[in-house]
>>> print(open('upload.cif').read())   # mmCIF, C-alpha atoms and all ligand atoms
data_data
#
loop_
_atom_site.label_atom_id
_atom_site.label_comp_id
_atom_site.auth_asym_id
_atom_site.auth_seq_id
_atom_site.Cartn_x
_atom_site.Cartn_y
_atom_site.Cartn_z
CA MET A 1 0.00 0.00 0.00
CA ASP A 2 2.68 2.45 1.03
CA ARG A 3 4.52 3.06 -2.22
CA GLY A 4 7.78 4.68 -1.04
CA GLY A 5 6.04 7.30 1.03
CA THR A 6 4.03 8.77 -1.86
CA ASP A 7 0.96 9.23 0.17
CA SER A 8 -0.94 10.89 -2.62
CA PRO A 9 -4.69 10.83 -1.98
CA SER A 10 -5.29 8.70 -5.09
CA SER A 11 -2.88 5.93 -4.06
CA LEU A 12 -4.42 5.92 -0.60
CA HIS A 13 -7.86 5.49 -2.10
CA ARG A 14 -6.62 2.67 -4.31
CA GLY A 15 -5.24 1.05 -1.18
CA GLU A 16 -8.50 1.47 0.68
CA ARG A 17 -10.40 0.03 -2.22
CA SER A 18 -8.24 -3.09 -2.39
CA VAL A 19 -8.41 -3.46 1.38
CA SER A 20 -12.18 -3.22 1.30
CA ARG A 21 -12.26 -5.68 -1.60
CA SER A 22 -10.26 -8.22 0.40
CA VAL A 23 -12.43 -7.58 3.46
CA LEU A 24 -15.49 -8.19 1.32
CA ALA A 25 -13.94 -11.36 -0.07
CA LEU A 26 -13.13 -12.56 3.46
CA CYS A 27 -16.66 -11.80 4.61
CA GLY A 28 -18.01 -13.70 1.65
CA LEU A 29 -15.84 -16.67 2.53
CA ALA A 30 -16.94 -16.54 6.15
CA VAL A 31 -20.62 -16.44 5.18
CA PHE A 32 -20.05 -19.32 2.78
CA ALA A 33 -18.23 -21.34 5.46
CA CYS A 34 -21.07 -20.73 7.92
CA PHE A 35 -23.61 -21.75 5.31
CA VAL A 36 -21.75 -24.98 4.57
CA ALA A 37 -21.37 -25.74 8.29
CA ALA A 38 -25.06 -25.09 8.98
CA ALA A 39 -26.16 -27.12 5.98
CA SER A 40 -24.02 -30.08 6.97
CA ALA A 41 -25.19 -29.81 10.57
CA LEU A 42 -28.80 -29.93 9.38
CA TYR A 43 -28.61 -32.47 6.61
CA GLY A 44 -25.21 -34.11 6.47
CA GLN A 45 -24.91 -35.52 9.95
CA SER A 46 -26.48 -38.85 10.67
CA ARG A 47 -29.26 -38.50 13.21
CA PRO A 48 -28.81 -40.06 16.65
CA GLY A 49 -30.25 -43.56 16.66
CA LEU A 50 -31.96 -45.83 19.15
CA LYS A 51 -30.32 -49.09 20.24
CA PRO A 52 -32.25 -52.13 19.02
CA VAL A 53 -33.99 -54.36 21.57
CA GLN A 54 -31.33 -57.10 21.07
CA ALA A 55 -28.66 -54.73 22.40
CA PHE A 56 -30.17 -55.34 25.86
CA ASP A 57 -30.27 -59.14 25.63
CA GLN A 58 -27.07 -59.56 27.60
CA ILE A 59 -28.59 -57.93 30.70
CA ARG A 60 -29.60 -61.03 32.69
CA ASP A 61 -31.81 -59.51 35.38
CA PRO A 62 -35.19 -58.89 33.68
CA ARG A 63 -35.94 -56.00 36.03
CA VAL A 64 -32.72 -54.24 35.12
CA ARG A 65 -33.18 -55.08 31.42
CA SER A 66 -36.70 -53.65 31.52
CA GLY A 67 -35.46 -50.41 33.09
CA ALA A 68 -32.67 -50.16 30.55
CA LEU A 69 -35.14 -50.64 27.68
CA PHE A 70 -37.28 -47.81 29.02
CA ASN A 71 -34.23 -45.63 29.45
CA GLU A 72 -33.53 -46.05 25.74
CA ALA A 73 -37.15 -45.34 24.76
CA ALA A 74 -37.01 -42.24 26.96
CA LYS A 75 -34.63 -40.63 24.45
CA VAL A 76 -37.84 -40.21 22.45
CA PHE A 77 -40.11 -39.17 25.35
CA ARG A 78 -37.60 -36.47 26.31
CA HIS A 79 -37.22 -35.13 22.75
CA PRO A 80 -38.69 -31.69 21.93
CA ARG A 81 -41.11 -33.28 19.39
CA CYS A 82 -42.83 -34.91 22.35
CA THR A 83 -42.08 -32.54 25.24
CA ASN A 84 -43.32 -29.46 23.35
CA CYS A 85 -46.89 -30.75 23.80
CA HIS A 86 -46.23 -32.72 26.99
CA THR A 87 -45.31 -29.66 29.08
CA VAL A 88 -45.58 -29.14 32.82
CA SER A 89 -47.23 -25.73 32.48
CA ASP A 90 -50.43 -24.86 30.61
CA ARG A 91 -48.50 -23.48 27.64
CA PRO A 92 -47.07 -25.63 24.84
CA ARG A 93 -43.53 -25.10 23.58
CA GLN A 94 -42.01 -24.72 20.11
CA GLY A 95 -39.04 -25.72 18.07
CA ASP A 96 -35.92 -27.75 18.71
CA ARG A 97 -35.05 -25.47 21.63
CA SER A 98 -38.47 -25.80 23.23
CA ARG A 99 -39.10 -22.11 23.69
CA PRO A 100 -42.52 -21.16 25.11
CA HIS A 101 -45.25 -21.11 22.41
CA GLN A 102 -45.68 -17.83 20.51
CA PRO A 103 -48.34 -16.49 20.50
CA PRO A 104 -49.00 -17.38 24.13
CA VAL A 105 -51.70 -20.04 23.99
CA VAL A 106 -53.02 -22.17 26.81
CA ARG A 107 -54.30 -25.68 27.23
CA GLY A 108 -57.92 -24.80 28.05
CA ALA A 109 -60.37 -27.21 29.62
CA LYS A 110 -59.75 -30.15 27.29
CA GLY A 111 -56.37 -29.33 25.76
CA PHE A 112 -57.77 -27.71 22.59
CA GLY A 113 -57.16 -24.13 23.75
CA ILE A 114 -59.66 -21.55 24.92
CA PRO A 115 -62.72 -20.72 22.77
CA SER A 116 -61.17 -17.53 21.34
CA LEU A 117 -57.85 -19.22 20.49
CA ARG A 118 -58.31 -22.86 19.61
CA CYS A 119 -55.31 -24.92 18.50
CA ALA A 120 -57.18 -25.69 15.27
CA SER A 121 -57.36 -21.98 14.39
CA CYS A 122 -53.73 -22.36 13.32
CA HIS A 123 -52.87 -26.08 13.37
CA LEU A 124 -54.42 -28.09 10.54
CA ASN A 125 -54.64 -31.88 10.49
CA ARG A 126 -51.37 -31.94 8.53
CA ASN A 127 -48.20 -29.84 8.42
CA ASN A 128 -48.50 -26.48 6.69
CA PRO A 129 -45.03 -25.97 5.20
CA ALA A 130 -45.83 -22.56 3.70
CA ALA A 131 -46.70 -21.13 7.12
CA ARG A 132 -44.21 -23.41 8.92
CA ILE A 133 -47.03 -24.51 11.22
CA PRO A 134 -46.90 -28.17 12.20
CA GLY A 135 -50.15 -30.08 12.27
CA GLY A 136 -51.77 -33.45 12.73
CA PRO A 137 -55.24 -34.91 13.35
CA ASN A 138 -56.74 -33.71 16.62
CA TRP A 139 -53.81 -31.43 17.46
CA HIS A 140 -54.10 -30.61 21.18
CA MET A 141 -52.29 -30.70 24.51
CA PRO A 142 -52.31 -33.65 26.89
CA PRO A 143 -53.43 -33.09 30.49
CA ALA A 144 -50.79 -31.80 32.92
CA ASN A 145 -50.43 -35.20 34.63
CA MET A 146 -48.88 -36.47 31.37
CA ALA A 147 -45.98 -33.98 31.39
CA PHE A 148 -42.61 -35.16 30.05
CA HIS A 149 -40.80 -31.81 29.71
CA GLY A 150 -37.85 -31.46 32.10
CA ARG A 151 -38.51 -34.93 33.55
CA THR A 152 -36.03 -37.79 33.85
CA ALA A 153 -36.61 -41.19 32.24
CA ALA A 154 -37.48 -42.64 35.68
CA GLN A 155 -40.02 -39.88 36.38
CA ILE A 156 -41.68 -40.31 32.98
CA CYS A 157 -41.82 -44.08 33.48
CA ARG A 158 -43.52 -43.75 36.87
CA SER A 159 -45.86 -41.08 35.56
CA ILE A 160 -47.17 -43.03 32.54
CA LYS A 161 -47.60 -46.13 34.74
CA ARG A 162 -49.57 -44.07 37.27
CA VAL A 163 -51.88 -42.75 34.53
CA ALA A 164 -52.43 -46.27 33.22
CA VAL A 165 -53.44 -47.44 36.72
CA THR A 166 -55.79 -44.45 37.15
CA ARG A 167 -57.40 -45.14 33.80
CA LYS A 168 -57.55 -48.87 34.53
CA LEU A 169 -55.56 -49.60 31.38
CA PRO A 170 -52.97 -52.37 30.95
CA LEU A 171 -49.42 -51.25 30.12
CA ALA A 172 -49.98 -52.75 26.67
CA ALA A 173 -52.24 -49.75 25.98
CA LEU A 174 -49.10 -47.58 26.08
CA VAL A 175 -47.53 -49.75 23.38
CA ALA A 176 -50.69 -49.43 21.27
CA HIS A 177 -50.70 -45.66 21.78
CA SER A 178 -47.04 -45.47 20.77
CA ARG A 179 -47.78 -47.49 17.65
CA LYS A 180 -51.04 -45.93 16.47
CA ASP A 181 -51.41 -42.41 17.83
CA HIS A 182 -51.27 -39.84 15.03
CA LEU A 183 -49.48 -37.26 17.15
CA VAL A 184 -46.77 -39.79 18.07
CA ILE A 185 -46.42 -40.72 14.40
CA TRP A 186 -46.29 -37.01 13.45
CA ALA A 187 -43.08 -36.64 15.51
CA TRP A 188 -41.19 -38.62 12.84
CA ARG A 189 -42.77 -36.51 10.05
CA PRO A 190 -42.50 -33.07 11.59
CA GLY A 191 -41.81 -31.17 8.36
CA LYS A 192 -38.45 -29.91 7.23
CA HIS A 193 -37.98 -27.20 9.86
CA ARG A 194 -37.88 -29.66 12.75
CA GLN A 195 -35.79 -32.68 13.68
CA PRO A 196 -37.55 -35.99 14.31
CA PRO A 197 -36.75 -37.85 17.56
CA PRO A 198 -33.88 -40.40 17.53
CA GLY A 199 -34.29 -43.71 15.72
CA THR A 200 -37.30 -44.72 13.69
CA HIS A 201 -40.90 -44.85 14.85
CA LYS A 202 -40.71 -48.66 14.60
CA SER A 203 -37.56 -48.92 16.74
CA PHE A 204 -39.33 -46.83 19.42
CA VAL A 205 -42.44 -49.05 19.36
CA ASP A 206 -40.22 -52.18 19.56
CA LEU A 207 -38.50 -50.80 22.67
CA MET A 208 -41.86 -49.99 24.29
CA ALA A 209 -43.17 -53.51 23.52
CA ALA A 210 -40.00 -55.11 24.94
CA TRP A 211 -40.27 -52.88 28.03
CA VAL A 212 -43.82 -54.11 28.71
CA ALA A 213 -42.89 -57.73 27.90
CA THR A 214 -40.13 -57.59 30.52
CA GLY A 215 -42.56 -56.42 33.20
CA GLY A 216 -42.62 -52.67 32.58
CA HIS A 217 -40.08 -51.86 35.30
CA CYS A 218 -38.79 -48.32 35.68
CA PRO A 219 -35.11 -47.34 35.48
C1 LIG B 301 -49.58 -32.20 19.38
C2 LIG B 301 -49.39 -32.62 20.75
C3 LIG B 301 -48.72 -33.94 21.06
C4 LIG B 301 -47.51 -34.38 20.63
C5 LIG B 301 -46.58 -33.71 19.64
C6 LIG B 301 -47.27 -35.64 21.30
N1 LIG B 301 -48.31 -35.95 22.10
FE1 LIG B 301 -48.46 -37.57 23.32
N2 LIG B 301 -50.31 -37.01 23.87
C7 LIG B 301 -50.97 -35.89 23.42
C8 LIG B 301 -52.31 -35.87 23.98
C9 LIG B 301 -53.37 -34.84 23.71
C10 LIG B 301 -52.41 -37.01 24.81
C11 LIG B 301 -53.59 -37.42 25.68
C12 LIG B 301 -54.45 -38.41 25.01
C13 LIG B 301 -55.48 -38.87 26.00
O1 LIG B 301 -55.99 -38.08 26.78
O2 LIG B 301 -55.76 -40.05 25.97
C14 LIG B 301 -51.13 -37.69 24.73
C15 LIG B 301 -50.83 -38.87 25.43
C16 LIG B 301 -49.65 -39.55 25.31
C17 LIG B 301 -49.30 -40.75 26.05
C18 LIG B 301 -50.12 -41.38 27.15
C19 LIG B 301 -49.53 -40.74 28.40
C20 LIG B 301 -49.94 -41.30 29.69
O3 LIG B 301 -49.43 -40.78 30.73
O4 LIG B 301 -50.76 -42.24 29.71
C21 LIG B 301 -48.08 -41.15 25.64
C22 LIG B 301 -47.32 -42.37 26.12
C23 LIG B 301 -47.64 -40.20 24.65
N3 LIG B 301 -48.62 -39.24 24.46
C24 LIG B 301 -46.44 -40.28 24.01
C25 LIG B 301 -45.98 -39.32 23.12
C26 LIG B 301 -44.70 -39.41 22.48
C27 LIG B 301 -43.68 -40.50 22.69
C28 LIG B 301 -44.60 -38.33 21.65
C29 LIG B 301 -43.46 -37.98 20.72
C30 LIG B 301 -42.96 -39.03 19.86
C31 LIG B 301 -45.84 -37.56 21.80
N4 LIG B 301 -46.65 -38.19 22.70
C32 LIG B 301 -46.11 -36.38 21.12
C33 LIG B 301 -50.47 -34.91 22.59
C34 LIG B 301 -49.23 -34.95 21.98
C1 LIG B 302 -52.38 -18.21 16.53
C2 LIG B 302 -51.85 -19.42 15.94
C3 LIG B 302 -51.60 -20.62 16.85
C4 LIG B 302 -52.45 -21.17 17.79
C5 LIG B 302 -53.82 -20.73 18.20
C6 LIG B 302 -51.75 -22.33 18.31
N1 LIG B 302 -50.53 -22.45 17.70
FE1 LIG B 302 -49.14 -23.89 18.07
N2 LIG B 302 -47.88 -23.06 16.72
C7 LIG B 302 -48.16 -21.96 15.94
C8 LIG B 302 -47.05 -21.68 15.07
C9 LIG B 302 -46.94 -20.54 14.08
C10 LIG B 302 -46.07 -22.67 15.35
C11 LIG B 302 -44.70 -22.83 14.71
C12 LIG B 302 -43.69 -21.95 15.36
C13 LIG B 302 -42.29 -22.32 14.97
O1 LIG B 302 -41.88 -23.44 15.26
O2 LIG B 302 -41.61 -21.47 14.43
C14 LIG B 302 -46.62 -23.51 16.39
C15 LIG B 302 -45.97 -24.56 16.95
C16 LIG B 302 -46.51 -25.39 17.92
C17 LIG B 302 -45.81 -26.50 18.51
C18 LIG B 302 -44.37 -26.87 18.24
C19 LIG B 302 -44.15 -28.20 17.60
C20 LIG B 302 -42.68 -28.52 17.63
O3 LIG B 302 -42.34 -29.61 18.10
O4 LIG B 302 -41.86 -27.69 17.22
C21 LIG B 302 -46.66 -27.08 19.40
C22 LIG B 302 -46.38 -28.28 20.29
C23 LIG B 302 -47.90 -26.34 19.35
N3 LIG B 302 -47.77 -25.31 18.44
C24 LIG B 302 -49.00 -26.65 20.09
C25 LIG B 302 -50.15 -25.90 20.11
C26 LIG B 302 -51.31 -26.24 20.90
C27 LIG B 302 -51.43 -27.46 21.77
C28 LIG B 302 -52.23 -25.24 20.68
C29 LIG B 302 -53.58 -25.09 21.33
C30 LIG B 302 -53.60 -25.12 22.78
C31 LIG B 302 -51.64 -24.30 19.74
N4 LIG B 302 -50.38 -24.74 19.42
C32 LIG B 302 -52.26 -23.17 19.28
C33 LIG B 302 -49.32 -21.22 15.97
C34 LIG B 302 -50.41 -21.44 16.80
#
>>> encode(input="upload.cif", output="structure tokens", more="lines below")
Ligand code: HEC
Ligand code: HEC
Amino acid sequence: MDRGGTDSPSSLHRGERSVSRSVLALCGLAVFACFVAAASALYGQSRPGLKPVQAFDQIRDPRVRSGALFNEAAKVFRHPRCTNCHTVSDRPRQGDRSRPHQPPVVRGAKGFGIPSLRCASCHLNRNNPAARIPGGPNWHMPPANMAFHGRTAAQICRSIKRVAVTRKLPLAALVAHSRKDHLVIWAWRPGKHRQPPPGTHKSFVDLMAAWVATGGHCP
């Protein structure tokens, strides 16, 4: 830049221009690098999986094996796709970071919101990619005694068993719910702006079935 001390205004300007060009080029590179990193984080990485049921075969004690199976299934229960509806408070949560639902909506008497702001005013029975609003049949919040958000695997296990007892349902009903419920199934088809829970829907159902078959013990 400094050409033998000839600090004529024009040479200075040329210098500034080339500096700003290289700064621009660097910025461009940085933006590109970020873009590549984000894209590979979103699409390139393999998603976390679930261990198959057979991975627990070597645990001899059926009680311990049962607890370990539930622990694995709990990777799904504790995922934002499930916890965003299964919250402790009256307000659902959103996104992979589980921030409180915007606009602020509440559960209402039966989980479908309050009359002036029903879930179905925005959530259709399928995803709406244009508006980025997820959706599924009968989109609504579970009662507060079915909360998973912020709970450990052991707490979730005890809680779903308690609900089954209260409703006089066998534990097998939880396997059926895991297999057939549309909102559970939705979690693995959440639309492209959201990550599905670990593993496949089938591997989750298999773990739940094996958990019940081994006595439904909690970790
Ligand atoms: C859109 C909201 C929504 C999402 C998302 C959702 N659920 Fe639920 N879930 C519900 C509602 C509502 C009920 C209550 C149904 C009832 O009253 O019988 C429920 C009930 C359950 C129950 C029975 C709970 C109990 O204590 O007996 C289980 C198990 C369950 N969901 C698992 C899941 C899992 C696993 C996922 C994620 C893969 C999930 N849910 C995602 C709304 C949701
Ligand atoms: C005024 C419109 C509106 C109403 C009413 C509404 N929602 Fe939403 N909801 C949205 C929008 C928009 C998003 C997507 C936000 C995002 O992820 O960027 C969303 C996202 C969600 C998610 C996040 C899913 C995920 O895993 O990321 C859940 C859960 C949810 N809503 C539950 C409910 C429930 C339950 C009700 C009724 C009590 C309800 N919403 C009412 C607009 C609404």
>>> atom_distance(input="upload.cif", atom1="atom C15 of ligand LIG 301 (chain B)", atom2="atom CA of Ala55 of chain A")
27.4 Å
>>> closest_residue(input="upload.cif", among="A:Cys218, A:Leu69, A:Leu124, A:Ile114", to="ligand LIG 301 (chain B)", atoms="only C-alpha atoms and all ligand atoms")
A:Leu124
>>> residues_around(input="upload.cif", residues="segment 210-214 of chain A", least_positions_apart="5", cutoff="9 Å", atoms="all atoms listed in the file", output="PyMOL selection string")
chain A and resi 53+62-63+65-70+73+171-172+174-175+205
>>> write_last_selection(input="upload.cif", atoms="C-alpha atoms", output="PDB file, in the frame of the given file")
ATOM      1  CA  VAL A  53     -33.990 -54.360  21.570  1.00  0.00           C
ATOM      2  CA  PRO A  62     -35.190 -58.890  33.680  1.00  0.00           C
ATOM      3  CA  ARG A  63     -35.940 -56.000  36.030  1.00  0.00           C
ATOM      4  CA  ARG A  65     -33.180 -55.080  31.420  1.00  0.00           C
ATOM      5  CA  SER A  66     -36.700 -53.650  31.520  1.00  0.00           C
ATOM      6  CA  GLY A  67     -35.460 -50.410  33.090  1.00  0.00           C
ATOM      7  CA  ALA A  68     -32.670 -50.160  30.550  1.00  0.00           C
ATOM      8  CA  LEU A  69     -35.140 -50.640  27.680  1.00  0.00           C
ATOM      9  CA  PHE A  70     -37.280 -47.810  29.020  1.00  0.00           C
ATOM     10  CA  ALA A  73     -37.150 -45.340  24.760  1.00  0.00           C
ATOM     11  CA  LEU A 171     -49.420 -51.250  30.120  1.00  0.00           C
ATOM     12  CA  ALA A 172     -49.980 -52.750  26.670  1.00  0.00           C
ATOM     13  CA  LEU A 174     -49.100 -47.580  26.080  1.00  0.00           C
ATOM     14  CA  VAL A 175     -47.530 -49.750  23.380  1.00  0.00           C
ATOM     15  CA  VAL A 205     -42.440 -49.050  19.360  1.00  0.00           C
TER      16      VAL A 205
END
>>> residues_near_ligand(input="upload.cif", ligand="ligand LIG 302 (chain B)", cutoff="8 Å", atoms="only C-alpha atoms and all ligand atoms", output="JSON, numbers by chain")
{"A": [80, 81, 82, 83, 84, 85, 91, 92, 93, 94, 95, 96, 98, 101, 102, 103, 105, 106, 107, 108, 111, 112, 113, 114, 117, 118, 119, 120, 121, 122, 123, 131, 132, 133, 134, 139, 140, 141, 187, 190, 193, 194]}
>>> residues_near_ligand(input="upload.cif", ligand="ligand LIG 301 (chain B)", cutoff="9 Å", atoms="only C-alpha atoms and all ligand atoms", output="number ranges by chain")
A: 73-74, 76-86, 92, 110-112, 134-143, 145-148, 156-157, 159-164, 167, 169, 173-175, 177-178, 181-188, 196-197, 201, 204
>>> write_last_selection(input="upload.cif", atoms="C-alpha atoms", output="mmCIF file, keeping the file's coordinate frame")
data_model
loop_
_atom_site.group_PDB
_atom_site.id
_atom_site.type_symbol
_atom_site.label_atom_id
_atom_site.label_comp_id
_atom_site.auth_asym_id
_atom_site.auth_seq_id
_atom_site.Cartn_x
_atom_site.Cartn_y
_atom_site.Cartn_z
ATOM 1 C CA ALA A 73 -37.150 -45.340 24.760
ATOM 2 C CA ALA A 74 -37.010 -42.240 26.960
ATOM 3 C CA VAL A 76 -37.840 -40.210 22.450
ATOM 4 C CA PHE A 77 -40.110 -39.170 25.350
ATOM 5 C CA ARG A 78 -37.600 -36.470 26.310
ATOM 6 C CA HIS A 79 -37.220 -35.130 22.750
ATOM 7 C CA PRO A 80 -38.690 -31.690 21.930
ATOM 8 C CA ARG A 81 -41.110 -33.280 19.390
ATOM 9 C CA CYS A 82 -42.830 -34.910 22.350
ATOM 10 C CA THR A 83 -42.080 -32.540 25.240
ATOM 11 C CA ASN A 84 -43.320 -29.460 23.350
ATOM 12 C CA CYS A 85 -46.890 -30.750 23.800
ATOM 13 C CA HIS A 86 -46.230 -32.720 26.990
ATOM 14 C CA PRO A 92 -47.070 -25.630 24.840
ATOM 15 C CA LYS A 110 -59.750 -30.150 27.290
ATOM 16 C CA GLY A 111 -56.370 -29.330 25.760
ATOM 17 C CA PHE A 112 -57.770 -27.710 22.590
ATOM 18 C CA PRO A 134 -46.900 -28.170 12.200
ATOM 19 C CA GLY A 135 -50.150 -30.080 12.270
ATOM 20 C CA GLY A 136 -51.770 -33.450 12.730
ATOM 21 C CA PRO A 137 -55.240 -34.910 13.350
ATOM 22 C CA ASN A 138 -56.740 -33.710 16.620
ATOM 23 C CA TRP A 139 -53.810 -31.430 17.460
ATOM 24 C CA HIS A 140 -54.100 -30.610 21.180
ATOM 25 C CA MET A 141 -52.290 -30.700 24.510
ATOM 26 C CA PRO A 142 -52.310 -33.650 26.890
ATOM 27 C CA PRO A 143 -53.430 -33.090 30.490
ATOM 28 C CA ASN A 145 -50.430 -35.200 34.630
ATOM 29 C CA MET A 146 -48.880 -36.470 31.370
ATOM 30 C CA ALA A 147 -45.980 -33.980 31.390
ATOM 31 C CA PHE A 148 -42.610 -35.160 30.050
ATOM 32 C CA ILE A 156 -41.680 -40.310 32.980
ATOM 33 C CA CYS A 157 -41.820 -44.080 33.480
ATOM 34 C CA SER A 159 -45.860 -41.080 35.560
ATOM 35 C CA ILE A 160 -47.170 -43.030 32.540
ATOM 36 C CA LYS A 161 -47.600 -46.130 34.740
ATOM 37 C CA ARG A 162 -49.570 -44.070 37.270
ATOM 38 C CA VAL A 163 -51.880 -42.750 34.530
ATOM 39 C CA ALA A 164 -52.430 -46.270 33.220
ATOM 40 C CA ARG A 167 -57.400 -45.140 33.800
ATOM 41 C CA LEU A 169 -55.560 -49.600 31.380
ATOM 42 C CA ALA A 173 -52.240 -49.750 25.980
ATOM 43 C CA LEU A 174 -49.100 -47.580 26.080
ATOM 44 C CA VAL A 175 -47.530 -49.750 23.380
ATOM 45 C CA HIS A 177 -50.700 -45.660 21.780
ATOM 46 C CA SER A 178 -47.040 -45.470 20.770
ATOM 47 C CA ASP A 181 -51.410 -42.410 17.830
ATOM 48 C CA HIS A 182 -51.270 -39.840 15.030
ATOM 49 C CA LEU A 183 -49.480 -37.260 17.150
ATOM 50 C CA VAL A 184 -46.770 -39.790 18.070
ATOM 51 C CA ILE A 185 -46.420 -40.720 14.400
ATOM 52 C CA TRP A 186 -46.290 -37.010 13.450
ATOM 53 C CA ALA A 187 -43.080 -36.640 15.510
ATOM 54 C CA TRP A 188 -41.190 -38.620 12.840
ATOM 55 C CA PRO A 196 -37.550 -35.990 14.310
ATOM 56 C CA PRO A 197 -36.750 -37.850 17.560
ATOM 57 C CA HIS A 201 -40.900 -44.850 14.850
ATOM 58 C CA PHE A 204 -39.330 -46.830 19.420
#
>>> atom_distance(input="upload.cif", atom1="atom CA of Asp90 of chain A", atom2="atom CA of Asn128 of chain A")
24.1 Å
>>> atom_distance(input="upload.cif", atom1="atom CA of His149 of chain A", atom2="atom CA of Val88 of chain A")
6.3 Å
>>> closest_residue(input="upload.cif", among="A:Arg179, A:Lys202, A:Arg99, A:Arg126", to="Thr87 of chain A", atoms="only C-alpha atoms")
A:Arg99
>>> closest_residue(input="upload.cif", among="A:Gly199, A:Ser116, A:Pro104, A:Ser89", to="Glu72 of chain A", atoms="all atoms listed in the file")
A:Gly199
>>> axis_aligned_box(input="upload.cif", around="segment 183-189 of chain A", padding_each_side="4 Å", output="JSON")
{"center_x": -45.3, "center_y": -38.6, "center_z": 14.1, "size_x": 16.3, "size_y": 12.2, "size_z": 16.0}
>>> build_atoms(input="upload.cif", residues="segment 147-163 of chain A", atoms="N, CA and C atoms", output="short mmCIF file (atom, residue, chain, number, x, y, z; two decimals), keeping the file's coordinate frame")
data_model
loop_
_atom_site.label_atom_id
_atom_site.label_comp_id
_atom_site.auth_asym_id
_atom_site.auth_seq_id
_atom_site.Cartn_x
_atom_site.Cartn_y
_atom_site.Cartn_z
N ALA A 147 -47.13 -34.81 31.78
CA ALA A 147 -45.98 -33.98 31.39
C ALA A 147 -44.70 -34.81 31.26
N PHE A 148 -43.92 -34.53 30.22
CA PHE A 148 -42.61 -35.16 30.05
C PHE A 148 -41.49 -34.11 30.11
N HIS A 149 -41.83 -32.85 29.82
CA HIS A 149 -40.80 -31.81 29.71
C HIS A 149 -40.02 -31.65 31.02
N GLY A 150 -38.69 -31.67 30.93
CA GLY A 150 -37.85 -31.46 32.10
C GLY A 150 -37.85 -32.65 33.06
N ARG A 151 -38.44 -33.76 32.66
CA ARG A 151 -38.51 -34.93 33.55
C ARG A 151 -37.45 -35.96 33.15
N THR A 152 -37.00 -36.72 34.13
CA THR A 152 -36.03 -37.79 33.85
C THR A 152 -36.78 -39.01 33.31
N ALA A 153 -36.01 -39.96 32.76
CA ALA A 153 -36.61 -41.19 32.24
C ALA A 153 -37.40 -41.88 33.35
N ALA A 154 -36.82 -41.95 34.57
CA ALA A 154 -37.48 -42.64 35.68
C ALA A 154 -38.80 -41.95 36.04
N GLN A 155 -38.79 -40.62 36.05
CA GLN A 155 -40.02 -39.88 36.38
C GLN A 155 -41.10 -40.11 35.34
N ILE A 156 -40.70 -40.10 34.05
CA ILE A 156 -41.68 -40.31 32.98
C ILE A 156 -42.26 -41.72 33.09
N CYS A 157 -41.38 -42.68 33.36
CA CYS A 157 -41.82 -44.08 33.48
C CYS A 157 -42.86 -44.20 34.59
N ARG A 158 -42.56 -43.65 35.75
CA ARG A 158 -43.52 -43.75 36.87
C ARG A 158 -44.81 -43.03 36.54
N SER A 159 -44.68 -41.88 35.86
CA SER A 159 -45.86 -41.08 35.56
C SER A 159 -46.80 -41.80 34.59
N ILE A 160 -46.25 -42.38 33.50
CA ILE A 160 -47.17 -43.03 32.54
C ILE A 160 -47.78 -44.30 33.15
N LYS A 161 -47.03 -44.95 34.07
CA LYS A 161 -47.60 -46.13 34.74
C LYS A 161 -48.75 -45.72 35.67
N ARG A 162 -48.54 -44.58 36.36
CA ARG A 162 -49.57 -44.07 37.27
C ARG A 162 -50.85 -43.77 36.50
N VAL A 163 -50.70 -43.09 35.34
CA VAL A 163 -51.88 -42.75 34.53
C VAL A 163 -52.60 -44.01 34.07
#
